[in-house]
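J.: Sharing run_31.cif below, mmCIF, N, CA and C atoms:
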data_coords
loop_
_atom_site.label_atom_id
_atom_site.label_comp_id
_atom_site.auth_asym_id
_atom_site.auth_seq_id
_atom_site.Cartn_x
_atom_site.Cartn_y
_atom_site.Cartn_z
N MET Y 246 -14.17 -14.32 6.26
CA MET Y 246 -12.87 -14.93 6.43
C MET Y 246 -12.99 -16.16 7.30
N LEU Y 247 -12.17 -17.12 7.02
CA LEU Y 247 -12.14 -18.34 7.79
C LEU Y 247 -11.14 -18.18 8.92
N SER Y 248 -11.55 -18.41 10.16
CA SER Y 248 -10.70 -18.33 11.34
C SER Y 248 -9.68 -17.18 11.29
N PRO Y 249 -10.19 -15.95 11.34
CA PRO Y 249 -9.27 -14.82 11.23
C PRO Y 249 -8.37 -14.68 12.45
N ASP Y 250 -7.15 -14.33 12.20
CA ASP Y 250 -6.18 -14.02 13.24
C ASP Y 250 -6.28 -12.51 13.45
N ILE Y 251 -6.79 -12.10 14.59
CA ILE Y 251 -7.05 -10.68 14.84
C ILE Y 251 -5.78 -9.84 14.72
N ALA Y 252 -4.66 -10.34 15.21
CA ALA Y 252 -3.41 -9.59 15.10
C ALA Y 252 -3.00 -9.41 13.64
N ALA Y 253 -3.18 -10.45 12.83
CA ALA Y 253 -2.82 -10.36 11.41
C ALA Y 253 -3.75 -9.38 10.69
N VAL Y 254 -5.02 -9.43 11.02
CA VAL Y 254 -5.97 -8.51 10.40
C VAL Y 254 -5.63 -7.07 10.79
N ALA Y 255 -5.29 -6.86 12.06
CA ALA Y 255 -4.92 -5.52 12.51
C ALA Y 255 -3.67 -5.02 11.77
N ARG Y 256 -2.70 -5.89 11.58
CA ARG Y 256 -1.50 -5.50 10.84
C ARG Y 256 -1.84 -5.15 9.40
N LEU Y 257 -2.72 -5.91 8.78
CA LEU Y 257 -3.06 -5.70 7.38
C LEU Y 257 -3.94 -4.46 7.18
N LEU Y 258 -4.87 -4.25 8.09
CA LEU Y 258 -5.83 -3.17 7.90
C LEU Y 258 -5.45 -1.87 8.60
N LEU Y 259 -4.53 -1.94 9.56
CA LEU Y 259 -4.13 -0.72 10.28
C LEU Y 259 -2.65 -0.42 10.16
N LEU Y 260 -1.83 -1.30 10.67
CA LEU Y 260 -0.40 -1.03 10.77
C LEU Y 260 0.27 -0.85 9.40
N ALA Y 261 0.09 -1.81 8.51
CA ALA Y 261 0.74 -1.73 7.20
C ALA Y 261 0.30 -0.49 6.42
N PRO Y 262 -1.00 -0.21 6.31
CA PRO Y 262 -1.39 1.00 5.57
C PRO Y 262 -0.84 2.29 6.19
N VAL Y 263 -0.89 2.39 7.51
CA VAL Y 263 -0.40 3.61 8.16
C VAL Y 263 1.10 3.79 7.92
N LEU Y 264 1.86 2.76 8.20
CA LEU Y 264 3.32 2.88 8.06
C LEU Y 264 3.75 3.07 6.61
N GLU Y 265 3.20 2.26 5.71
CA GLU Y 265 3.61 2.35 4.30
C GLU Y 265 3.22 3.68 3.69
N GLU Y 266 2.03 4.15 3.95
CA GLU Y 266 1.59 5.42 3.36
C GLU Y 266 2.28 6.61 4.00
N TRP Y 267 2.58 6.52 5.28
CA TRP Y 267 3.31 7.61 5.94
C TRP Y 267 4.72 7.73 5.35
N ILE Y 268 5.36 6.59 5.15
CA ILE Y 268 6.72 6.61 4.61
C ILE Y 268 6.72 6.98 3.12
N ILE Y 269 5.85 6.33 2.34
CA ILE Y 269 5.88 6.52 0.88
C ILE Y 269 5.22 7.84 0.47
N ARG Y 270 4.04 8.13 0.97
CA ARG Y 270 3.33 9.34 0.51
C ARG Y 270 3.78 10.59 1.26
N ALA Y 271 3.65 10.58 2.60
CA ALA Y 271 3.99 11.77 3.37
C ALA Y 271 5.50 12.03 3.36
N GLY Y 272 6.28 10.98 3.18
CA GLY Y 272 7.73 11.13 3.15
C GLY Y 272 8.26 11.25 1.74
N LEU Y 273 8.41 10.12 1.08
CA LEU Y 273 9.07 10.08 -0.23
C LEU Y 273 8.34 10.90 -1.30
N GLN Y 274 7.05 10.66 -1.48
CA GLN Y 274 6.34 11.35 -2.57
C GLN Y 274 6.32 12.86 -2.35
N GLU Y 275 6.10 13.28 -1.11
CA GLU Y 275 6.12 14.72 -0.83
C GLU Y 275 7.50 15.30 -1.13
N TRP Y 276 8.54 14.60 -0.73
CA TRP Y 276 9.90 15.05 -1.00
C TRP Y 276 10.15 15.15 -2.50
N LEU Y 277 9.71 14.14 -3.24
CA LEU Y 277 9.88 14.15 -4.69
C LEU Y 277 9.10 15.29 -5.35
N LEU Y 278 7.88 15.53 -4.89
CA LEU Y 278 7.05 16.57 -5.48
C LEU Y 278 7.66 17.96 -5.32
N ARG Y 279 8.49 18.13 -4.32
CA ARG Y 279 9.16 19.42 -4.11
C ARG Y 279 10.39 19.57 -5.01
N ARG Y 280 10.79 18.48 -5.66
CA ARG Y 280 12.02 18.51 -6.44
C ARG Y 280 11.84 18.21 -7.93
N ILE Y 281 10.82 17.42 -8.26
CA ILE Y 281 10.60 17.05 -9.66
C ILE Y 281 9.13 17.23 -10.01
N SER Y 282 8.79 17.06 -11.26
CA SER Y 282 7.40 17.24 -11.70
C SER Y 282 6.50 16.10 -11.18
N PRO Y 283 5.20 16.33 -11.18
CA PRO Y 283 4.28 15.37 -10.57
C PRO Y 283 4.29 13.95 -11.14
N MET Y 284 4.35 13.79 -12.46
CA MET Y 284 4.28 12.45 -13.04
C MET Y 284 5.47 11.58 -12.64
N PRO Y 285 6.70 12.07 -12.77
CA PRO Y 285 7.82 11.25 -12.30
C PRO Y 285 7.76 10.96 -10.80
N ALA Y 286 7.27 11.91 -10.02
CA ALA Y 286 7.14 11.69 -8.58
C ALA Y 286 6.13 10.58 -8.30
N LEU Y 287 5.04 10.59 -9.05
CA LEU Y 287 4.01 9.55 -8.90
C LEU Y 287 4.56 8.18 -9.28
N LEU Y 288 5.23 8.10 -10.43
CA LEU Y 288 5.78 6.83 -10.89
C LEU Y 288 6.86 6.30 -9.96
N ALA Y 289 7.71 7.18 -9.49
CA ALA Y 289 8.79 6.76 -8.59
C ALA Y 289 8.24 6.27 -7.26
N SER Y 290 7.26 6.96 -6.71
CA SER Y 290 6.69 6.52 -5.43
C SER Y 290 5.97 5.19 -5.58
N ALA Y 291 5.28 4.98 -6.71
CA ALA Y 291 4.62 3.69 -6.95
C ALA Y 291 5.65 2.58 -7.11
N ALA Y 292 6.77 2.88 -7.76
CA ALA Y 292 7.83 1.89 -7.94
C ALA Y 292 8.45 1.50 -6.60
N VAL Y 293 8.67 2.48 -5.73
CA VAL Y 293 9.24 2.18 -4.41
C VAL Y 293 8.23 1.40 -3.57
N PHE Y 294 6.96 1.76 -3.65
CA PHE Y 294 5.90 1.02 -2.96
C PHE Y 294 5.91 -0.43 -3.42
N SER Y 295 6.03 -0.62 -4.71
CA SER Y 295 6.10 -1.96 -5.28
C SER Y 295 7.34 -2.70 -4.78
N ALA Y 296 8.47 -2.03 -4.76
CA ALA Y 296 9.72 -2.65 -4.30
C ALA Y 296 9.64 -3.10 -2.84
N LEU Y 297 8.84 -2.39 -2.04
CA LEU Y 297 8.66 -2.80 -0.64
C LEU Y 297 8.07 -4.21 -0.54
N HIS Y 298 7.41 -4.64 -1.57
CA HIS Y 298 6.73 -5.94 -1.58
C HIS Y 298 7.51 -7.02 -2.32
N LEU Y 299 8.74 -6.74 -2.70
CA LEU Y 299 9.56 -7.73 -3.42
C LEU Y 299 9.84 -8.98 -2.58
N GLY Y 300 9.79 -8.87 -1.27
CA GLY Y 300 9.99 -10.02 -0.41
C GLY Y 300 8.96 -11.10 -0.64
N SER Y 301 7.83 -10.72 -1.22
CA SER Y 301 6.78 -11.68 -1.54
C SER Y 301 6.89 -12.21 -2.96
N GLY Y 302 7.90 -11.76 -3.69
CA GLY Y 302 8.10 -12.22 -5.05
C GLY Y 302 7.84 -11.12 -6.07
N LEU Y 303 8.36 -11.33 -7.26
CA LEU Y 303 8.24 -10.35 -8.33
C LEU Y 303 6.78 -10.15 -8.75
N ALA Y 304 6.02 -11.24 -8.81
CA ALA Y 304 4.60 -11.13 -9.21
C ALA Y 304 3.83 -10.28 -8.21
N ALA Y 305 4.08 -10.48 -6.93
CA ALA Y 305 3.40 -9.70 -5.90
C ALA Y 305 3.77 -8.24 -6.02
N ALA Y 306 5.06 -7.96 -6.22
CA ALA Y 306 5.51 -6.57 -6.36
C ALA Y 306 4.87 -5.91 -7.58
N ALA Y 307 4.77 -6.65 -8.67
CA ALA Y 307 4.14 -6.11 -9.87
C ALA Y 307 2.66 -5.83 -9.64
N LEU Y 308 1.99 -6.71 -8.90
CA LEU Y 308 0.57 -6.51 -8.64
C LEU Y 308 0.30 -5.27 -7.79
N VAL Y 309 1.15 -4.96 -6.85
CA VAL Y 309 0.88 -3.81 -5.98
C VAL Y 309 1.35 -2.49 -6.60
N PHE Y 310 2.00 -2.55 -7.76
CA PHE Y 310 2.36 -1.30 -8.43
C PHE Y 310 1.11 -0.49 -8.77
N TRP Y 311 0.06 -1.16 -9.23
CA TRP Y 311 -1.16 -0.47 -9.67
C TRP Y 311 -1.89 0.20 -8.51
N PRO Y 312 -2.11 -0.48 -7.39
CA PRO Y 312 -2.67 0.26 -6.25
C PRO Y 312 -1.74 1.37 -5.78
N GLY Y 313 -0.43 1.16 -5.90
CA GLY Y 313 0.52 2.21 -5.55
C GLY Y 313 0.32 3.46 -6.39
N LEU Y 314 0.02 3.28 -7.67
CA LEU Y 314 -0.30 4.43 -8.53
C LEU Y 314 -1.57 5.12 -8.06
N LEU Y 315 -2.57 4.32 -7.71
CA LEU Y 315 -3.83 4.89 -7.23
C LEU Y 315 -3.61 5.68 -5.94
N PHE Y 316 -2.90 5.10 -4.98
CA PHE Y 316 -2.66 5.79 -3.71
C PHE Y 316 -1.86 7.07 -3.96
N GLY Y 317 -0.90 6.99 -4.88
CA GLY Y 317 -0.11 8.17 -5.21
C GLY Y 317 -0.93 9.26 -5.86
N ALA Y 318 -1.86 8.88 -6.73
CA ALA Y 318 -2.74 9.86 -7.37
C ALA Y 318 -3.65 10.51 -6.33
N VAL Y 319 -4.14 9.72 -5.39
CA VAL Y 319 -4.95 10.28 -4.30
C VAL Y 319 -4.13 11.31 -3.52
N TYR Y 320 -2.88 10.96 -3.23
CA TYR Y 320 -2.03 11.89 -2.49
C TYR Y 320 -1.79 13.18 -3.29
N GLN Y 321 -1.50 13.04 -4.57
CA GLN Y 321 -1.24 14.23 -5.37
C GLN Y 321 -2.46 15.10 -5.51
N ARG Y 322 -3.63 14.51 -5.52
CA ARG Y 322 -4.86 15.29 -5.68
C ARG Y 322 -5.21 16.05 -4.40
N TRP Y 323 -5.16 15.35 -3.24
CA TRP Y 323 -5.63 15.96 -1.99
C TRP Y 323 -4.51 16.28 -0.99
N ARG Y 324 -3.29 15.81 -1.24
CA ARG Y 324 -2.14 16.04 -0.36
C ARG Y 324 -2.43 15.68 1.10
N ASP Y 325 -3.15 14.58 1.29
CA ASP Y 325 -3.47 14.08 2.63
C ASP Y 325 -3.18 12.58 2.66
N TRP Y 326 -2.08 12.20 3.29
CA TRP Y 326 -1.67 10.79 3.30
C TRP Y 326 -2.67 9.93 4.05
N ARG Y 327 -3.49 10.52 4.90
CA ARG Y 327 -4.50 9.73 5.63
C ARG Y 327 -5.56 9.18 4.68
N LEU Y 328 -5.85 9.90 3.62
CA LEU Y 328 -6.77 9.36 2.60
C LEU Y 328 -6.15 8.15 1.92
N CYS Y 329 -4.84 8.18 1.73
CA CYS Y 329 -4.13 7.03 1.15
C CYS Y 329 -4.20 5.84 2.09
N VAL Y 330 -4.10 6.09 3.39
CA VAL Y 330 -4.22 5.02 4.38
C VAL Y 330 -5.59 4.37 4.26
N LEU Y 331 -6.63 5.18 4.15
CA LEU Y 331 -7.99 4.65 4.01
C LEU Y 331 -8.12 3.82 2.74
N ALA Y 332 -7.63 4.34 1.62
CA ALA Y 332 -7.71 3.59 0.36
C ALA Y 332 -6.91 2.29 0.44
N HIS Y 333 -5.74 2.35 1.06
CA HIS Y 333 -4.88 1.17 1.22
C HIS Y 333 -5.57 0.12 2.09
N ALA Y 334 -6.15 0.55 3.20
CA ALA Y 334 -6.85 -0.39 4.09
C ALA Y 334 -8.05 -1.01 3.39
N LEU Y 335 -8.78 -0.23 2.62
CA LEU Y 335 -9.92 -0.77 1.87
C LEU Y 335 -9.46 -1.76 0.81
N CYS Y 336 -8.36 -1.46 0.16
CA CYS Y 336 -7.80 -2.37 -0.83
C CYS Y 336 -7.37 -3.69 -0.18
N ASN Y 337 -6.71 -3.60 0.97
CA ASN Y 337 -6.30 -4.81 1.69
C ASN Y 337 -7.52 -5.60 2.17
N CYS Y 338 -8.55 -4.90 2.63
CA CYS Y 338 -9.78 -5.57 3.07
C CYS Y 338 -10.41 -6.33 1.90
N PHE Y 339 -10.48 -5.69 0.76
CA PHE Y 339 -11.01 -6.33 -0.44
C PHE Y 339 -10.17 -7.57 -0.79
N ALA Y 340 -8.85 -7.42 -0.74
CA ALA Y 340 -7.97 -8.52 -1.12
C ALA Y 340 -8.14 -9.73 -0.20
N ILE Y 341 -8.21 -9.51 1.11
CA ILE Y 341 -8.35 -10.67 1.99
C ILE Y 341 -9.74 -11.27 1.89
N THR Y 342 -10.73 -10.46 1.54
CA THR Y 342 -12.08 -10.98 1.35
C THR Y 342 -12.14 -11.85 0.09
N VAL Y 343 -11.51 -11.40 -0.98
CA VAL Y 343 -11.53 -12.12 -2.25
C VAL Y 343 -10.60 -13.32 -2.22
N CYS Y 344 -9.44 -13.17 -1.61
CA CYS Y 344 -8.41 -14.21 -1.67
C CYS Y 344 -8.55 -15.30 -0.63
N GLY Y 345 -9.33 -15.09 0.38
CA GLY Y 345 -9.50 -16.12 1.40
C GLY Y 345 -9.09 -15.65 2.77
N SER Y 346 -8.88 -16.57 3.65
CA SER Y 346 -8.55 -16.23 5.03
C SER Y 346 -7.14 -15.69 5.15
N VAL Y 347 -6.90 -14.97 6.18
CA VAL Y 347 -5.60 -14.37 6.42
C VAL Y 347 -4.55 -15.45 6.65
N SER Y 348 -4.87 -16.45 7.42
CA SER Y 348 -3.87 -17.46 7.75
C SER Y 348 -4.02 -18.73 6.92
N GLY Y 349 -5.04 -18.81 6.08
CA GLY Y 349 -5.29 -20.05 5.35
C GLY Y 349 -4.90 -19.96 3.89
N SER Y 350 -5.87 -20.04 3.01
CA SER Y 350 -5.60 -20.18 1.59
C SER Y 350 -4.94 -18.96 0.95
N VAL Y 351 -5.02 -17.82 1.59
CA VAL Y 351 -4.48 -16.62 0.98
C VAL Y 351 -2.98 -16.73 0.73
N SER Y 352 -2.25 -17.41 1.58
CA SER Y 352 -0.80 -17.47 1.40
C SER Y 352 -0.40 -18.35 0.23
N GLY Y 353 -1.31 -19.14 -0.29
CA GLY Y 353 -0.97 -20.02 -1.40
C GLY Y 353 -1.20 -19.42 -2.76
N SER Y 354 -1.78 -18.25 -2.84
CA SER Y 354 -2.08 -17.65 -4.14
C SER Y 354 -1.10 -16.51 -4.45
N VAL Y 355 -1.05 -16.12 -5.70
CA VAL Y 355 -0.21 -14.98 -6.09
C VAL Y 355 -0.71 -13.73 -5.40
N PHE Y 356 -2.04 -13.55 -5.35
CA PHE Y 356 -2.59 -12.38 -4.69
C PHE Y 356 -2.29 -12.42 -3.21
N GLY Y 357 -2.42 -13.57 -2.62
CA GLY Y 357 -2.16 -13.72 -1.20
C GLY Y 357 -0.72 -13.46 -0.83
N SER Y 358 0.20 -13.79 -1.73
CA SER Y 358 1.60 -13.59 -1.40
C SER Y 358 1.94 -12.12 -1.25
N VAL Y 359 1.10 -11.24 -1.79
CA VAL Y 359 1.31 -9.81 -1.62
C VAL Y 359 1.20 -9.43 -0.15
N PHE Y 360 0.36 -10.15 0.59
CA PHE Y 360 0.05 -9.75 1.94
C PHE Y 360 0.74 -10.55 3.02
N VAL Y 361 1.37 -11.65 2.67
CA VAL Y 361 1.98 -12.51 3.66
C VAL Y 361 3.02 -11.79 4.52
N PRO Y 362 3.88 -10.90 3.96
CA PRO Y 362 4.86 -10.25 4.82
C PRO Y 362 4.25 -9.47 5.97
N HIS Y 363 3.04 -9.00 5.80
CA HIS Y 363 2.38 -8.26 6.88
C HIS Y 363 2.03 -9.17 8.05
N PHE Y 364 2.04 -10.49 7.85
CA PHE Y 364 1.64 -11.42 8.89
C PHE Y 364 2.82 -12.11 9.54
N ALA Y 365 4.01 -11.84 9.06
CA ALA Y 365 5.19 -12.54 9.61
C ALA Y 365 5.34 -12.23 11.09
N PRO Y 366 5.61 -13.26 11.91
CA PRO Y 366 5.74 -13.03 13.36
C PRO Y 366 6.97 -12.22 13.69
#
Mind turning this structure into structure tokens?
T.:
Amino acid sequence: MLSPDIAAVARLLLLAPVLEEWIIRAGLQEWLLRRISPMPALLASAAVFSALHLGSGLAAAALVFWPGLLFGAVYQRWRDWRLCVLAHALCNCFAITVCGSVSGSVSGSVFGSVFVPHFAP
């Protein structure tokens, strides 16, 4: 990464995965799994995860739907939201590595716009 902002990296690799997965997997998805069948619970939790990213635009929200499905499948398989946090953090790490620096070129791309809200002051 070019000139990484440590606070932004911490938000992307720690804070965002912990909070989002705790709310979506340990909260919403678990609640849904107790009330409806697994596939609708998985799809609904991925859709809500995607909607959380609408502030970055429709394209960004659509892009994170797929990792949301993956994180949801991990949760349904092992019922441990901490594994989802790890997968989410690894996904974010991959994205910032591929897309560029946290504060530089990443914000100018469609992929980068997925992560910009995590860096807002």
J.: Please measure the separation of CA of Phe310 in chain Y and CA of His298 in chain Y, giving the value in Å to one decimal.
T.: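 If I compute the distance from CA of Phe310 in chain Y to CA of His298 in chain Y, I get 9.4 Å.
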J.: Enumerate, as a PyMOL selection string, the residues matched when the PyMOL selection byres ((chain Y and resi 314-321) around 8) is run on the file above.
T.: chain Y and resi 269-271+274+283+286-288+290-292+294-295+309-313+322-330+332-333
J.: Determine the nearest neighbour of Phe339 in chain Y from the options Y:Gly300, Y:Leu277, Y:Leu258, Y:Glu266, counting only C-alpha atoms.
T.: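 Of the candidates, the smallest distance to Phe339 in chain Y is held by Y:Leu258.
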J.: Which residues in range 252-360 of chain Y does DSSP call alpha helix (DSSP H)? List them as a compact mmCIF listing (two decimals) with N, CA and C atoms, in the coordinates of the input.
T.:
# COMPACT_ATOMS: atom_id res chain seq x y z
N ALA Y 252 -4.66 -10.34 15.21
CA ALA Y 252 -3.41 -9.59 15.10
C ALA Y 252 -3.00 -9.41 13.64
N ALA Y 253 -3.18 -10.45 12.83
CA ALA Y 253 -2.82 -10.36 11.41
C ALA Y 253 -3.75 -9.38 10.69
N VAL Y 254 -5.02 -9.43 11.02
CA VAL Y 254 -5.97 -8.51 10.40
C VAL Y 254 -5.63 -7.07 10.79
N ALA Y 255 -5.29 -6.86 12.06
CA ALA Y 255 -4.92 -5.52 12.51
C ALA Y 255 -3.67 -5.02 11.77
N ALA Y 261 0.09 -1.81 8.51
CA ALA Y 261 0.74 -1.73 7.20
C ALA Y 261 0.30 -0.49 6.42
N PRO Y 262 -1.00 -0.21 6.31
CA PRO Y 262 -1.39 1.00 5.57
C PRO Y 262 -0.84 2.29 6.19
N VAL Y 263 -0.89 2.39 7.51
CA VAL Y 263 -0.40 3.61 8.16
C VAL Y 263 1.10 3.79 7.92
N LEU Y 264 1.86 2.76 8.20
CA LEU Y 264 3.32 2.88 8.06
C LEU Y 264 3.75 3.07 6.61
N GLU Y 265 3.20 2.26 5.71
CA GLU Y 265 3.61 2.35 4.30
C GLU Y 265 3.22 3.68 3.69
N GLU Y 266 2.03 4.15 3.95
CA GLU Y 266 1.59 5.42 3.36
C GLU Y 266 2.28 6.61 4.00
N GLU Y 275 6.10 13.28 -1.11
CA GLU Y 275 6.12 14.72 -0.83
C GLU Y 275 7.50 15.30 -1.13
N TRP Y 276 8.54 14.60 -0.73
CA TRP Y 276 9.90 15.05 -1.00
C TRP Y 276 10.15 15.15 -2.50
N LEU Y 277 9.71 14.14 -3.24
CA LEU Y 277 9.88 14.15 -4.69
C LEU Y 277 9.10 15.29 -5.35
N LEU Y 278 7.88 15.53 -4.89
CA LEU Y 278 7.05 16.57 -5.48
C LEU Y 278 7.66 17.96 -5.32
N PRO Y 283 5.20 16.33 -11.18
CA PRO Y 283 4.28 15.37 -10.57
C PRO Y 283 4.29 13.95 -11.14
N MET Y 284 4.35 13.79 -12.46
CA MET Y 284 4.28 12.45 -13.04
C MET Y 284 5.47 11.58 -12.64
N PRO Y 285 6.70 12.07 -12.77
CA PRO Y 285 7.82 11.25 -12.30
C PRO Y 285 7.76 10.96 -10.80
N ALA Y 286 7.27 11.91 -10.02
CA ALA Y 286 7.14 11.69 -8.58
C ALA Y 286 6.13 10.58 -8.30
N LEU Y 287 5.04 10.59 -9.05
CA LEU Y 287 4.01 9.55 -8.90
C LEU Y 287 4.56 8.18 -9.28
N LEU Y 288 5.23 8.10 -10.43
CA LEU Y 288 5.78 6.83 -10.89
C LEU Y 288 6.86 6.30 -9.96
N ALA Y 289 7.71 7.18 -9.49
CA ALA Y 289 8.79 6.76 -8.59
C ALA Y 289 8.24 6.27 -7.26
N SER Y 290 7.26 6.96 -6.71
CA SER Y 290 6.69 6.52 -5.43
C SER Y 290 5.97 5.19 -5.58
N ALA Y 291 5.28 4.98 -6.71
CA ALA Y 291 4.62 3.69 -6.95
C ALA Y 291 5.65 2.58 -7.11
N ALA Y 292 6.77 2.88 -7.76
CA ALA Y 292 7.83 1.89 -7.94
C ALA Y 292 8.45 1.50 -6.60
N VAL Y 293 8.67 2.48 -5.73
CA VAL Y 293 9.24 2.18 -4.41
C VAL Y 293 8.23 1.40 -3.57
N PHE Y 294 6.96 1.76 -3.65
CA PHE Y 294 5.90 1.02 -2.96
C PHE Y 294 5.91 -0.43 -3.42
N SER Y 295 6.03 -0.62 -4.71
CA SER Y 295 6.10 -1.96 -5.28
C SER Y 295 7.34 -2.70 -4.78
N ALA Y 296 8.47 -2.03 -4.76
CA ALA Y 296 9.72 -2.65 -4.30
C ALA Y 296 9.64 -3.10 -2.84
N LEU Y 303 8.36 -11.33 -7.26
CA LEU Y 303 8.24 -10.35 -8.33
C LEU Y 303 6.78 -10.15 -8.75
N ALA Y 304 6.02 -11.24 -8.81
CA ALA Y 304 4.60 -11.13 -9.21
C ALA Y 304 3.83 -10.28 -8.21
N ALA Y 305 4.08 -10.48 -6.93
CA ALA Y 305 3.40 -9.70 -5.90
C ALA Y 305 3.77 -8.24 -6.02
N ALA Y 306 5.06 -7.96 -6.22
CA ALA Y 306 5.51 -6.57 -6.36
C ALA Y 306 4.87 -5.91 -7.58
N ALA Y 307 4.77 -6.65 -8.67
CA ALA Y 307 4.14 -6.11 -9.87
C ALA Y 307 2.66 -5.83 -9.64
N LEU Y 308 1.99 -6.71 -8.90
CA LEU Y 308 0.57 -6.51 -8.64
C LEU Y 308 0.30 -5.27 -7.79
N VAL Y 309 1.15 -4.96 -6.85
CA VAL Y 309 0.88 -3.81 -5.98
C VAL Y 309 1.35 -2.49 -6.60
N PHE Y 310 2.00 -2.55 -7.76
CA PHE Y 310 2.36 -1.30 -8.43
C PHE Y 310 1.11 -0.49 -8.77
N TRP Y 311 0.06 -1.16 -9.23
CA TRP Y 311 -1.16 -0.47 -9.67
C TRP Y 311 -1.89 0.20 -8.51
N PRO Y 312 -2.11 -0.48 -7.39
CA PRO Y 312 -2.67 0.26 -6.25
C PRO Y 312 -1.74 1.37 -5.78
N GLY Y 313 -0.43 1.16 -5.90
CA GLY Y 313 0.52 2.21 -5.55
C GLY Y 313 0.32 3.46 -6.39
N LEU Y 314 0.02 3.28 -7.67
CA LEU Y 314 -0.30 4.43 -8.53
C LEU Y 314 -1.57 5.12 -8.06
N LEU Y 315 -2.57 4.32 -7.71
CA LEU Y 315 -3.83 4.89 -7.23
C LEU Y 315 -3.61 5.68 -5.94
N PHE Y 316 -2.90 5.10 -4.98
CA PHE Y 316 -2.66 5.79 -3.71
C PHE Y 316 -1.86 7.07 -3.96
N GLY Y 317 -0.90 6.99 -4.88
CA GLY Y 317 -0.11 8.17 -5.21
C GLY Y 317 -0.93 9.26 -5.86
N ALA Y 318 -1.86 8.88 -6.73
CA ALA Y 318 -2.74 9.86 -7.37
C ALA Y 318 -3.65 10.51 -6.33
N VAL Y 319 -4.14 9.72 -5.39
CA VAL Y 319 -4.95 10.28 -4.30
C VAL Y 319 -4.13 11.31 -3.52
N TYR Y 320 -2.88 10.96 -3.23
CA TYR Y 320 -2.03 11.89 -2.49
C TYR Y 320 -1.79 13.18 -3.29
N GLN Y 321 -1.50 13.04 -4.57
CA GLN Y 321 -1.24 14.23 -5.37
C GLN Y 321 -2.46 15.10 -5.51
N ARG Y 322 -3.63 14.51 -5.52
CA ARG Y 322 -4.86 15.29 -5.68
C ARG Y 322 -5.21 16.05 -4.40
N TRP Y 323 -5.16 15.35 -3.24
CA TRP Y 323 -5.63 15.96 -1.99
C TRP Y 323 -4.51 16.28 -0.99
N TRP Y 326 -2.08 12.20 3.29
CA TRP Y 326 -1.67 10.79 3.30
C TRP Y 326 -2.67 9.93 4.05
N ARG Y 327 -3.49 10.52 4.90
CA ARG Y 327 -4.50 9.73 5.63
C ARG Y 327 -5.56 9.18 4.68
N LEU Y 328 -5.85 9.90 3.62
CA LEU Y 328 -6.77 9.36 2.60
C LEU Y 328 -6.15 8.15 1.92
N CYS Y 329 -4.84 8.18 1.73
CA CYS Y 329 -4.13 7.03 1.15
C CYS Y 329 -4.20 5.84 2.09
N VAL Y 330 -4.10 6.09 3.39
CA VAL Y 330 -4.22 5.02 4.38
C VAL Y 330 -5.59 4.37 4.26
N LEU Y 331 -6.63 5.18 4.15
CA LEU Y 331 -7.99 4.65 4.01
C LEU Y 331 -8.12 3.82 2.74
N ALA Y 332 -7.63 4.34 1.62
CA ALA Y 332 -7.71 3.59 0.36
C ALA Y 332 -6.91 2.29 0.44
N HIS Y 333 -5.74 2.35 1.06
CA HIS Y 333 -4.88 1.17 1.22
C HIS Y 333 -5.57 0.12 2.09
N ALA Y 334 -6.15 0.55 3.20
CA ALA Y 334 -6.85 -0.39 4.09
C ALA Y 334 -8.05 -1.01 3.39
N LEU Y 335 -8.78 -0.23 2.62
CA LEU Y 335 -9.92 -0.77 1.87
C LEU Y 335 -9.46 -1.76 0.81
N CYS Y 336 -8.36 -1.46 0.16
CA CYS Y 336 -7.80 -2.37 -0.83
C CYS Y 336 -7.37 -3.69 -0.18
N ASN Y 337 -6.71 -3.60 0.97
CA ASN Y 337 -6.30 -4.81 1.69
C ASN Y 337 -7.52 -5.60 2.17
N CYS Y 338 -8.55 -4.90 2.63
CA CYS Y 338 -9.78 -5.57 3.07
C CYS Y 338 -10.41 -6.33 1.90
N PHE Y 339 -10.48 -5.69 0.76
CA PHE Y 339 -11.01 -6.33 -0.44
C PHE Y 339 -10.17 -7.57 -0.79
N ALA Y 340 -8.85 -7.42 -0.74
CA ALA Y 340 -7.97 -8.52 -1.12
C ALA Y 340 -8.14 -9.73 -0.20
N ILE Y 341 -8.21 -9.51 1.11
CA ILE Y 341 -8.35 -10.67 1.99
C ILE Y 341 -9.74 -11.27 1.89
N THR Y 342 -10.73 -10.46 1.54
CA THR Y 342 -12.08 -10.98 1.35
C THR Y 342 -12.14 -11.85 0.09
N VAL Y 343 -11.51 -11.40 -0.98
CA VAL Y 343 -11.53 -12.12 -2.25
C VAL Y 343 -10.60 -13.32 -2.22
N CYS Y 344 -9.44 -13.17 -1.61
CA CYS Y 344 -8.41 -14.21 -1.67
C CYS Y 344 -8.55 -15.30 -0.63
N VAL Y 355 -1.05 -16.12 -5.70
CA VAL Y 355 -0.21 -14.98 -6.09
C VAL Y 355 -0.71 -13.73 -5.40
N PHE Y 356 -2.04 -13.55 -5.35
CA PHE Y 356 -2.59 -12.38 -4.69
C PHE Y 356 -2.29 -12.42 -3.21
N GLY Y 357 -2.42 -13.57 -2.62
CA GLY Y 357 -2.16 -13.72 -1.20
C GLY Y 357 -0.72 -13.46 -0.83
N SER Y 358 0.20 -13.79 -1.73
CA SER Y 358 1.60 -13.59 -1.40
C SER Y 358 1.94 -12.12 -1.25
J.: How many Å lie between atom C of Arg279 in chain Y and CA of Glu265 in chain Y, rounded to one decimal?
T.: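 Going from atom C of Arg279 in chain Y over to CA of Glu265 in chain Y covers 20.7 Å.
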